[in-house]
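my_file-v7.cif (mmCIF, C-alpha atoms and all ligand atoms)
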data_entry
loop_
_atom_site.group_PDB
_atom_site.id
_atom_site.type_symbol
_atom_site.label_atom_id
_atom_site.label_comp_id
_atom_site.auth_asym_id
_atom_site.auth_seq_id
_atom_site.Cartn_x
_atom_site.Cartn_y
_atom_site.Cartn_z
ATOM 1 C CA MET A 1 0.000 0.000 0.000
ATOM 2 C CA LYS A 2 1.620 3.244 -1.175
ATOM 3 C CA ASN A 3 1.697 6.315 1.079
ATOM 4 C CA SER A 4 0.748 9.559 -0.646
ATOM 5 C CA VAL A 5 -0.126 13.181 -0.014
ATOM 6 C CA SER A 6 -3.228 14.986 -1.269
ATOM 7 C CA ALA A 7 -2.972 18.787 -1.075
ATOM 8 C CA SER A 8 -6.183 20.548 -0.008
ATOM 9 C CA VAL A 9 -6.780 23.428 -2.424
ATOM 10 C CA LEU A 10 -8.855 25.173 0.235
ATOM 11 C CA SER A 11 -5.603 26.401 1.797
ATOM 12 C CA ALA A 12 -4.055 27.586 -1.477
ATOM 13 C CA ASP A 13 -3.833 31.244 -2.497
ATOM 14 C CA MET A 14 -6.996 31.501 -4.615
ATOM 15 C CA LEU A 15 -5.694 34.495 -6.549
ATOM 16 C CA ARG A 16 -2.654 32.493 -7.612
ATOM 17 C CA LEU A 17 -4.180 29.072 -8.094
ATOM 18 C CA GLY A 18 -2.176 28.339 -11.245
ATOM 19 C CA GLU A 19 1.141 29.058 -9.531
ATOM 20 C CA GLU A 20 0.084 27.077 -6.485
ATOM 21 C CA ILE A 21 -0.626 24.035 -8.667
ATOM 22 C CA GLU A 22 2.776 24.370 -10.348
ATOM 23 C CA LYS A 23 4.353 24.481 -6.906
ATOM 24 C CA LEU A 24 2.591 21.237 -5.930
ATOM 25 C CA GLU A 25 3.852 19.587 -9.129
ATOM 26 C CA ARG A 26 7.420 20.815 -8.545
ATOM 27 C CA ASN A 27 7.365 19.429 -5.029
ATOM 28 C CA GLY A 28 6.199 15.960 -6.046
ATOM 29 C CA ILE A 29 2.712 16.071 -4.483
ATOM 30 C CA GLU A 30 0.661 13.168 -5.828
ATOM 31 C CA MET A 31 -2.923 14.363 -5.498
ATOM 32 C CA LEU A 32 -4.985 17.514 -5.466
ATOM 33 C CA HIS A 33 -7.790 17.451 -2.865
ATOM 34 C CA PHE A 34 -10.784 19.502 -4.005
ATOM 35 C CA ASP A 35 -13.288 20.210 -1.189
ATOM 36 C CA VAL A 36 -16.798 20.882 -2.466
ATOM 37 C CA MET A 37 -19.199 22.310 0.151
ATOM 38 C CA ASP A 38 -22.819 23.244 -0.529
ATOM 39 C CA GLY A 39 -23.884 25.169 2.585
ATOM 40 C CA MET A 40 -26.333 22.379 3.423
ATOM 41 C CA PHE A 41 -24.325 19.292 4.321
ATOM 42 C CA VAL A 42 -21.860 21.617 6.054
ATOM 43 C CA ASN A 43 -22.039 25.258 7.140
ATOM 44 C CA ASN A 44 -19.748 26.519 4.443
ATOM 45 C CA ILE A 45 -19.687 26.997 0.674
ATOM 46 C CA THR A 46 -16.554 26.605 -1.443
ATOM 47 C CA PHE A 47 -16.170 26.009 -5.174
ATOM 48 C CA GLY A 48 -17.566 23.722 -7.850
ATOM 49 C CA PHE A 49 -17.554 22.729 -11.520
ATOM 50 C CA PRO A 50 -15.946 25.761 -13.248
ATOM 51 C CA VAL A 51 -12.895 25.794 -10.958
ATOM 52 C CA LEU A 52 -12.458 22.017 -11.103
ATOM 53 C CA GLU A 53 -12.666 22.014 -14.882
ATOM 54 C CA LYS A 54 -10.005 24.723 -15.205
ATOM 55 C CA MET A 55 -7.698 22.938 -12.792
ATOM 56 C CA ARG A 56 -8.118 19.651 -14.614
ATOM 57 C CA ARG A 57 -7.035 21.295 -17.862
ATOM 58 C CA LYS A 58 -3.959 22.732 -16.222
ATOM 59 C CA THR A 59 -2.520 19.714 -14.435
ATOM 60 C CA GLY A 60 -2.020 15.979 -14.622
ATOM 61 C CA LEU A 61 -2.129 15.673 -10.823
ATOM 62 C CA VAL A 62 -4.643 13.116 -9.533
ATOM 63 C CA MET A 63 -7.931 14.957 -8.931
ATOM 64 C CA ASP A 64 -9.275 13.852 -5.566
ATOM 65 C CA VAL A 65 -12.743 15.382 -5.201
ATOM 66 C CA HIS A 66 -14.258 15.427 -1.698
ATOM 67 C CA LEU A 67 -17.983 16.101 -1.860
ATOM 68 C CA MET A 68 -19.436 17.579 1.322
ATOM 69 C CA ILE A 69 -22.851 18.053 -0.241
ATOM 70 C CA ALA A 70 -26.354 16.931 0.762
ATOM 71 C CA ASP A 71 -27.256 15.051 -2.430
ATOM 72 C CA PRO A 72 -24.100 13.702 -4.102
ATOM 73 C CA LEU A 73 -26.022 11.300 -6.367
ATOM 74 C CA LYS A 74 -27.467 14.284 -8.200
ATOM 75 C CA TYR A 75 -24.017 15.663 -9.071
ATOM 76 C CA VAL A 76 -21.446 12.842 -9.179
ATOM 77 C CA ARG A 77 -21.718 12.279 -12.930
ATOM 78 C CA ARG A 78 -20.815 15.895 -13.619
ATOM 79 C CA PHE A 79 -17.952 15.922 -11.140
ATOM 80 C CA ALA A 80 -16.717 12.662 -12.660
ATOM 81 C CA GLU A 81 -15.991 14.478 -15.939
ATOM 82 C CA ASN A 82 -13.008 16.129 -14.237
ATOM 83 C CA ALA A 83 -12.101 13.775 -11.385
ATOM 84 C CA ASP A 84 -9.960 10.685 -10.867
ATOM 85 C CA ILE A 85 -11.487 9.790 -7.520
ATOM 86 C CA ILE A 86 -14.678 11.005 -5.864
ATOM 87 C CA SER A 87 -15.388 10.808 -2.116
ATOM 88 C CA PHE A 88 -18.911 11.315 -0.850
ATOM 89 C CA HIS A 89 -20.343 11.073 2.644
ATOM 90 C CA ILE A 90 -22.256 8.108 3.998
ATOM 91 C CA GLU A 91 -24.163 10.670 6.143
ATOM 92 C CA SER A 92 -25.480 12.454 3.025
ATOM 93 C CA ASP A 93 -29.080 12.064 1.820
ATOM 94 C CA SER A 94 -28.206 9.966 -1.240
ATOM 95 C CA ASP A 95 -28.485 6.192 -1.335
ATOM 96 C CA THR A 96 -24.960 4.911 -0.700
ATOM 97 C CA MET A 97 -24.926 1.932 -3.070
ATOM 98 C CA GLN A 98 -26.605 3.849 -5.886
ATOM 99 C CA THR A 99 -24.053 6.656 -5.553
ATOM 100 C CA ILE A 100 -21.119 4.211 -5.533
ATOM 101 C CA ASN A 101 -22.481 2.635 -8.726
ATOM 102 C CA ALA A 102 -23.061 5.991 -10.399
ATOM 103 C CA VAL A 103 -19.413 6.984 -9.825
ATOM 104 C CA ARG A 104 -18.129 3.590 -10.991
ATOM 105 C CA GLU A 105 -20.178 3.727 -14.172
ATOM 106 C CA CYS A 106 -18.294 6.913 -15.086
ATOM 107 C CA GLY A 107 -15.012 5.009 -14.843
ATOM 108 C CA VAL A 108 -13.867 7.027 -11.829
ATOM 109 C CA LYS A 109 -12.574 5.652 -8.513
ATOM 110 C CA VAL A 110 -14.892 5.914 -5.547
ATOM 111 C CA ALA A 111 -14.403 6.564 -1.830
ATOM 112 C CA LEU A 112 -16.812 6.642 1.065
ATOM 113 C CA ALA A 113 -16.212 9.373 3.647
ATOM 114 C CA ILE A 114 -17.231 9.204 7.299
ATOM 115 C CA LYS A 115 -17.506 11.982 9.862
ATOM 116 C CA PRO A 116 -15.909 11.669 13.330
ATOM 117 C CA ASP A 117 -19.123 10.396 14.984
ATOM 118 C CA THR A 118 -19.783 7.662 12.422
ATOM 119 C CA PRO A 119 -18.475 4.257 13.531
ATOM 120 C CA ALA A 120 -16.147 2.025 11.521
ATOM 121 C CA GLU A 121 -18.845 -0.634 11.145
ATOM 122 C CA ALA A 122 -20.895 1.689 8.922
ATOM 123 C CA VAL A 123 -18.522 1.179 5.987
ATOM 124 C CA TYR A 124 -17.884 -2.581 6.287
ATOM 125 C CA LYS A 125 -20.545 -3.794 3.872
ATOM 126 C CA TYR A 126 -19.449 -1.339 1.194
ATOM 127 C CA LEU A 127 -15.732 -2.202 1.290
ATOM 128 C CA PRO A 128 -15.797 -4.624 -1.684
ATOM 129 C CA TYR A 129 -17.079 -1.802 -3.896
ATOM 130 C CA LEU A 130 -14.653 0.929 -2.786
ATOM 131 C CA ASP A 131 -11.198 2.137 -3.797
ATOM 132 C CA MET A 132 -10.723 4.213 -0.657
ATOM 133 C CA VAL A 133 -12.288 5.058 2.706
ATOM 134 C CA LEU A 134 -11.965 8.657 3.880
ATOM 135 C CA VAL A 135 -11.865 8.929 7.657
ATOM 136 C CA MET A 136 -12.447 12.541 8.684
ATOM 137 C CA THR A 137 -10.191 13.669 11.525
ATOM 138 C CA VAL A 138 -12.154 16.937 11.999
ATOM 139 C CA GLU A 139 -15.825 17.811 11.555
ATOM 140 C CA PRO A 140 -16.095 18.614 7.839
ATOM 141 C CA GLY A 141 -16.605 22.255 6.899
ATOM 142 C CA PHE A 142 -13.409 24.241 7.400
ATOM 143 C CA GLY A 143 -9.654 24.020 6.923
ATOM 144 C CA GLY A 144 -7.238 24.701 9.772
ATOM 145 C CA GLN A 145 -9.103 22.837 12.535
ATOM 146 C CA SER A 146 -7.503 20.714 15.268
ATOM 147 C CA PHE A 147 -7.002 16.996 14.692
ATOM 148 C CA MET A 148 -9.358 14.511 16.344
ATOM 149 C CA ASP A 149 -7.723 11.147 16.965
ATOM 150 C CA MET A 150 -9.573 8.470 14.967
ATOM 151 C CA SER A 151 -6.857 5.796 15.383
ATOM 152 C CA GLU A 152 -9.198 3.170 16.783
ATOM 153 C CA LYS A 153 -11.624 3.571 13.895
ATOM 154 C CA ILE A 154 -8.828 3.493 11.317
ATOM 155 C CA ARG A 155 -7.390 0.343 12.889
ATOM 156 C CA LEU A 156 -10.766 -1.420 12.752
ATOM 157 C CA ILE A 157 -11.265 -0.506 9.090
ATOM 158 C CA ARG A 158 -7.699 -1.469 8.140
ATOM 159 C CA ASP A 159 -8.081 -4.854 9.874
ATOM 160 C CA ARG A 160 -11.348 -5.485 8.092
ATOM 161 C CA ILE A 161 -9.779 -4.607 4.706
ATOM 162 C CA THR A 162 -6.861 -6.959 5.350
ATOM 163 C CA GLU A 163 -9.095 -9.804 6.573
ATOM 164 C CA SER A 164 -11.234 -9.440 3.464
ATOM 165 C CA GLY A 165 -8.176 -9.634 1.190
ATOM 166 C CA LEU A 166 -8.982 -6.232 -0.349
ATOM 167 C CA ASP A 167 -6.648 -3.518 -1.588
ATOM 168 C CA ILE A 168 -8.153 -0.235 -0.381
ATOM 169 C CA ASP A 169 -6.559 3.045 0.649
ATOM 170 C CA ILE A 170 -7.485 4.797 3.867
ATOM 171 C CA GLN A 171 -7.358 8.575 3.565
ATOM 172 C CA VAL A 172 -7.342 10.929 6.530
ATOM 173 C CA ASP A 173 -8.482 14.546 6.302
ATOM 174 C CA GLY A 174 -8.301 17.362 8.842
ATOM 175 C CA GLY A 175 -5.560 18.691 11.088
ATOM 176 C CA ILE A 176 -2.837 16.542 9.504
ATOM 177 C CA ASN A 177 0.743 17.552 10.320
ATOM 178 C CA ALA A 178 4.006 15.642 10.920
ATOM 179 C CA GLU A 179 2.924 14.513 14.364
ATOM 180 C CA THR A 180 -0.705 13.585 13.648
ATOM 181 C CA ALA A 181 0.291 11.856 10.374
ATOM 182 C CA GLU A 182 2.537 9.568 12.411
ATOM 183 C CA THR A 183 -0.392 8.679 14.683
ATOM 184 C CA VAL A 184 -2.811 7.803 11.857
ATOM 185 C CA LYS A 185 -0.099 6.008 9.882
ATOM 186 C CA LYS A 186 0.468 3.651 12.806
ATOM 187 C CA ALA A 187 -3.264 2.897 12.771
ATOM 188 C CA GLY A 188 -3.257 2.039 9.050
ATOM 189 C CA ALA A 189 -3.947 5.232 7.082
ATOM 190 C CA ASN A 190 -1.906 5.751 3.896
ATOM 191 C CA VAL A 191 -3.276 8.832 2.080
ATOM 192 C CA PHE A 192 -2.753 12.122 3.884
ATOM 193 C CA VAL A 193 -4.794 15.197 3.042
ATOM 194 C CA SER A 194 -2.990 18.325 4.082
ATOM 195 C CA GLY A 195 -4.133 21.906 3.687
ATOM 196 C CA SER A 196 -2.845 24.538 6.061
ATOM 197 C CA TYR A 197 0.228 22.544 7.171
ATOM 198 C CA LEU A 198 1.448 21.847 3.644
ATOM 199 C CA PHE A 199 0.765 25.270 2.130
ATOM 200 C CA ARG A 200 2.323 27.076 5.097
ATOM 201 C CA ALA A 201 5.481 24.962 5.059
ATOM 202 C CA ASP A 202 8.787 26.668 4.222
ATOM 203 C CA ASP A 203 9.918 23.531 2.422
ATOM 204 C CA MET A 204 6.905 21.839 0.831
ATOM 205 C CA LYS A 205 8.853 18.894 -0.569
ATOM 206 C CA LYS A 206 10.458 18.047 2.737
ATOM 207 C CA THR A 207 7.108 18.407 4.521
ATOM 208 C CA ALA A 208 5.394 16.048 2.075
ATOM 209 C CA ASP A 209 8.275 13.567 2.452
ATOM 210 C CA ILE A 210 7.739 13.595 6.208
ATOM 211 C CA LEU A 211 3.977 13.080 5.845
ATOM 212 C CA ARG A 212 4.345 10.072 3.561
ATOM 213 C CA ALA A 213 7.478 8.545 5.168
ATOM 214 C CA GLU A 214 7.164 4.860 6.065
ATOM 215 C CA ILE A 215 7.092 4.166 9.787
ATOM 216 C CA CYS A 216 10.043 2.131 11.032
HETATM 217 C C1 LIG A 301 -12.419 20.055 5.898
HETATM 218 C C2 LIG A 301 -11.831 19.669 4.551
HETATM 219 C C3 LIG A 301 -10.370 19.448 4.570
HETATM 220 C C4 LIG A 301 -9.541 20.667 4.933
HETATM 221 C C5 LIG A 301 -8.221 20.189 5.466
HETATM 222 O O1 LIG A 301 -13.781 19.926 5.877
HETATM 223 O O2 LIG A 301 -12.428 18.450 4.108
HETATM 224 O O3 LIG A 301 -9.905 18.863 3.360
HETATM 225 O O4 LIG A 301 -9.337 21.529 3.858
HETATM 226 O O5 LIG A 301 -7.489 21.278 5.893
HETATM 227 P P1 LIG A 301 -6.393 21.203 7.059
HETATM 228 O O6 LIG A 301 -5.312 20.268 6.587
HETATM 229 O O7 LIG A 301 -5.947 22.613 7.189
HETATM 230 O O8 LIG A 301 -7.085 20.670 8.293
HETATM 231 ZN ZN ZN A 302 -11.524 17.344 2.430
#
For the file at hand, write its structure as structure tokens.
Amino acid sequence: MKNSVSASVLSADMLRLGEEIEKLERNGIEMLHFDVMDGMFVNNITFGFPVLEKMRRKTGLVMDVHLMIADPLKYVRRFAENADIISFHIESDSDTMQTINAVRECGVKVALAIKPDTPAEAVYKYLPYLDMVLVMTVEPGFGGQSFMDMSEKIRLIRDRITESGLDIDIQVDGGINAETAETVKKAGANVFVSGSYLFRADDMKKTADILRAEIC
């Protein structure tokens, strides 16, 4: 299972998005994490189709789209036009299996996201149909929040994946820095979303190397 870093665009300088993307490419970041919020599923509104489409045209980075929206089923096909992987929330109003299938039919990878209060067990029956599970380590809605330790949940999901003989990534999102990455890595996470920590770093490459470093 490969460790990788997904940079959360929410923390980028919006007036210099093009340059920010070039910086991510130069520093060997694997994925671009695109947080879509609709003001209903969460108390915040971010960006949507026009920005994603422009970014997709500019870069070959893996487009990792995180939908924090009330009815993902209604929109996944359109997001899929410019995404490599789409995460949607199990707590949303859409039918989970139908939404997974809709994403798959577009030939895009699919991930199920769970909020801090949702237990590990909620995702078990969907594991055979997923490419990734996104375990939120903050309440979704805003960048720059403090990390909530979800190690136990991550461990349970990782064990279940291994027992089932599946090959699925576990992504963590919210409050990830060198120290918290180490904690979730030990529990079995391997894809690290980083917004404020990565974009604020003096040396982005070194910071990403630390986040994805194998634990000894
Ligand atoms: C929060 C978003 C995150 C956020 C992460 O709802 O899903 O992706 O941008 O930002 P940091 O790394 O600053 O916590
Ligand atoms: Zn996110």
**Q.** Picked residues, the PyMOL selection byres (((chain A and resi 153) around 9) and not hetatm), as a list in words
**A.**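 On the file shown, the PyMOL selection byres (((chain A and resi 153) around 9) and not hetatm) covers Pro119, Ala120, Glu121, Val135, Met150, Ser151, Glu152, Ile154, Arg155, Leu156, Ile157, Arg158 and Ala187 of chain A.
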(Q) Around ligand ZN 302 (chain A), which protein and nucleic acid residues have at least one atom no more than 6 Å from it, if we count only C-alpha atoms and all ligand atoms? List them as a ChimeraX atom specification. (A) /A:35,66,173
Selected residues, C-alpha atoms, written as a short mmCIF file (atom, residue, chain, number, x, y, z; two decimals), keeping the file's coordinate frame, please.
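That gives us out-v2.cif:
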data_model
loop_
_atom_site.label_atom_id
_atom_site.label_comp_id
_atom_site.auth_asym_id
_atom_site.auth_seq_id
_atom_site.Cartn_x
_atom_site.Cartn_y
_atom_site.Cartn_z
CA ASP A 35 -13.29 20.21 -1.19
CA HIS A 66 -14.26 15.43 -1.70
CA ASP A 173 -8.48 14.55 6.30
#
Q.
Just want the residues within 10 Å of ligand LIG 301 (chain A), written as a PyMOL selection string, counting only C-alpha atoms and all ligand atoms.
A. chain A and resi 6-12+33-37+42-44+65-68+113+115+134+136-147+172-177+192-200
Q) Using all atoms listed in the file, which residues sit within 9 Å of stretch 201-208 of chain A once same-chain residues fewer than 3 positions away are excluded, as a list in words? A)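 In the requested form, the answer reads Ser4, Val5, Lys23, Leu24, Arg26, Asn27, Gly28, Ile29, Asn177, Ala178, Ser194, Ser196, Tyr197, Leu198, Leu211, Arg212 and Ala213 of chain A.
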Q) So which one's closest to A:Ile210, A:Ile114, A:Pro72, A:Lys109, A:Asn3? Using only C-alpha atoms, please. A) A:Asn3
Q: Considering all atoms listed in the file, return as an MDAnalysis selection string whatever protein or nucleic-acid residues lie within 12 Å of A:Gly107, sequence-local ones (same chain, fewer than 6 positions apart) excluded.
A: chainID A and resid 76:77 79:86 100:101
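Between atom CA of A:Thr46 and atom CA of A:Met31 there is a distance of 18.8 Å.
Here atom CA of A:Val103 and atom CA of A:Leu52 stand 16.6 Å from one another.
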Q | Counting all atoms listed in the file, the option among A:Leu61, A:Gln171, A:Gly48, A:Glu214 closest to A:Lys186 | A |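 So, comparing all the options, the nearest one is A:Glu214.
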Q) Which distance in Å separates atom CA of A:Glu91 and atom CA of A:Val123, to one decimal? A) 11.0 Å
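In this comparison, which uses all atoms listed in the file, the residue of A:Val191, A:Arg78, A:Lys185, A:Glu30 approaching A:Ile215 most closely is A:Lys185.
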**Q.** Of the listed residues A:Asp131, A:Gly39, A:Glu179, A:Gly18, that which approaches A:Arg57 most closely, counting all atoms listed in the file
**A.**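 Going through A:Asp131, A:Gly39, A:Glu179, A:Gly18 one by one, the smallest distance to A:Arg57 is for A:Gly18.
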Q | Distance criterion (all atoms listed in the file): nearest to A:Thr96 out of A:Ala181, A:Tyr126, A:Ile45, A:Glu25 | A | A:Tyr126
Q) With distances taken over all atoms listed in the file, which of A:Ala102, A:Met97, A:Leu15, A:Met148 is nearest to A:Pro128? A) A:Met97
As AutoDock Vina command-line options, please report the centre and edge lengths, rounded to one decimal in Å, of the axis-aligned box that holds all listed atoms of stretch 182-195 of chain A with 4 Å of padding on each of the six sides.
--center_x -1.1 --center_y 12.0 --center_z 8.4 --size_x 15.3 --size_y 27.9 --size_z 20.6
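When you apply the PyMOL selection byres (((chain A and resi 170) around 6) and not hetatm) to this structure, what comes back is Met132, Val133, Leu134, Asp169, Gln171, Ala189 and Asn190 of chain A.
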Just need stretch 151-207 of chain A in a file, please: C-alpha atoms, as a PDB file, in the first residue's frame.
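The result, written out as out.pdb:
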ATOM      1  CA  SER A 151      -6.857   5.796  15.383  1.00  0.00           C
ATOM      2  CA  GLU A 152      -9.198   3.170  16.783  1.00  0.00           C
ATOM      3  CA  LYS A 153     -11.624   3.571  13.895  1.00  0.00           C
ATOM      4  CA  ILE A 154      -8.828   3.493  11.317  1.00  0.00           C
ATOM      5  CA  ARG A 155      -7.390   0.343  12.889  1.00  0.00           C
ATOM      6  CA  LEU A 156     -10.766  -1.420  12.752  1.00  0.00           C
ATOM      7  CA  ILE A 157     -11.265  -0.506   9.090  1.00  0.00           C
ATOM      8  CA  ARG A 158      -7.699  -1.469   8.140  1.00  0.00           C
ATOM      9  CA  ASP A 159      -8.081  -4.854   9.874  1.00  0.00           C
ATOM     10  CA  ARG A 160     -11.348  -5.485   8.092  1.00  0.00           C
ATOM     11  CA  ILE A 161      -9.779  -4.607   4.706  1.00  0.00           C
ATOM     12  CA  THR A 162      -6.861  -6.959   5.350  1.00  0.00           C
ATOM     13  CA  GLU A 163      -9.095  -9.804   6.573  1.00  0.00           C
ATOM     14  CA  SER A 164     -11.234  -9.440   3.464  1.00  0.00           C
ATOM     15  CA  GLY A 165      -8.176  -9.634   1.190  1.00  0.00           C
ATOM     16  CA  LEU A 166      -8.982  -6.232  -0.349  1.00  0.00           C
ATOM     17  CA  ASP A 167      -6.648  -3.518  -1.588  1.00  0.00           C
ATOM     18  CA  ILE A 168      -8.153  -0.235  -0.381  1.00  0.00           C
ATOM     19  CA  ASP A 169      -6.559   3.045   0.649  1.00  0.00           C
ATOM     20  CA  ILE A 170      -7.485   4.797   3.867  1.00  0.00           C
ATOM     21  CA  GLN A 171      -7.358   8.575   3.565  1.00  0.00           C
ATOM     22  CA  VAL A 172      -7.342  10.929   6.530  1.00  0.00           C
ATOM     23  CA  ASP A 173      -8.482  14.546   6.302  1.00  0.00           C
ATOM     24  CA  GLY A 174      -8.301  17.362   8.842  1.00  0.00           C
ATOM     25  CA  GLY A 175      -5.560  18.691  11.088  1.00  0.00           C
ATOM     26  CA  ILE A 176      -2.837  16.542   9.504  1.00  0.00           C
ATOM     27  CA  ASN A 177       0.743  17.552  10.320  1.00  0.00           C
ATOM     28  CA  ALA A 178       4.006  15.642  10.920  1.00  0.00           C
ATOM     29  CA  GLU A 179       2.924  14.513  14.364  1.00  0.00           C
ATOM     30  CA  THR A 180      -0.705  13.585  13.648  1.00  0.00           C
ATOM     31  CA  ALA A 181       0.291  11.856  10.374  1.00  0.00           C
ATOM     32  CA  GLU A 182       2.537   9.568  12.411  1.00  0.00           C
ATOM     33  CA  THR A 183      -0.392   8.679  14.683  1.00  0.00           C
ATOM     34  CA  VAL A 184      -2.811   7.803  11.857  1.00  0.00           C
ATOM     35  CA  LYS A 185      -0.099   6.008   9.882  1.00  0.00           C
ATOM     36  CA  LYS A 186       0.468   3.651  12.806  1.00  0.00           C
ATOM     37  CA  ALA A 187      -3.264   2.897  12.771  1.00  0.00           C
ATOM     38  CA  GLY A 188      -3.257   2.039   9.050  1.00  0.00           C
ATOM     39  CA  ALA A 189      -3.947   5.232   7.082  1.00  0.00           C
ATOM     40  CA  ASN A 190      -1.906   5.751   3.896  1.00  0.00           C
ATOM     41  CA  VAL A 191      -3.276   8.832   2.080  1.00  0.00           C
ATOM     42  CA  PHE A 192      -2.753  12.122   3.884  1.00  0.00           C
ATOM     43  CA  VAL A 193      -4.794  15.197   3.042  1.00  0.00           C
ATOM     44  CA  SER A 194      -2.990  18.325   4.082  1.00  0.00           C
ATOM     45  CA  GLY A 195      -4.133  21.906   3.687  1.00  0.00           C
ATOM     46  CA  SER A 196      -2.845  24.538   6.061  1.00  0.00           C
ATOM     47  CA  TYR A 197       0.228  22.544   7.171  1.00  0.00           C
ATOM     48  CA  LEU A 198       1.448  21.847   3.644  1.00  0.00           C
ATOM     49  CA  PHE A 199       0.765  25.270   2.130  1.00  0.00           C
ATOM     50  CA  ARG A 200       2.323  27.076   5.097  1.00  0.00           C
ATOM     51  CA  ALA A 201       5.481  24.962   5.059  1.00  0.00           C
ATOM     52  CA  ASP A 202       8.787  26.668   4.222  1.00  0.00           C
ATOM     53  CA  ASP A 203       9.918  23.531   2.422  1.00  0.00           C
ATOM     54  CA  MET A 204       6.905  21.839   0.831  1.00  0.00           C
ATOM     55  CA  LYS A 205       8.853  18.894  -0.569  1.00  0.00           C
ATOM     56  CA  LYS A 206      10.458  18.047   2.737  1.00  0.00           C
ATOM     57  CA  THR A 207       7.108  18.407   4.521  1.00  0.00           C
TER      58      THR A 207
END
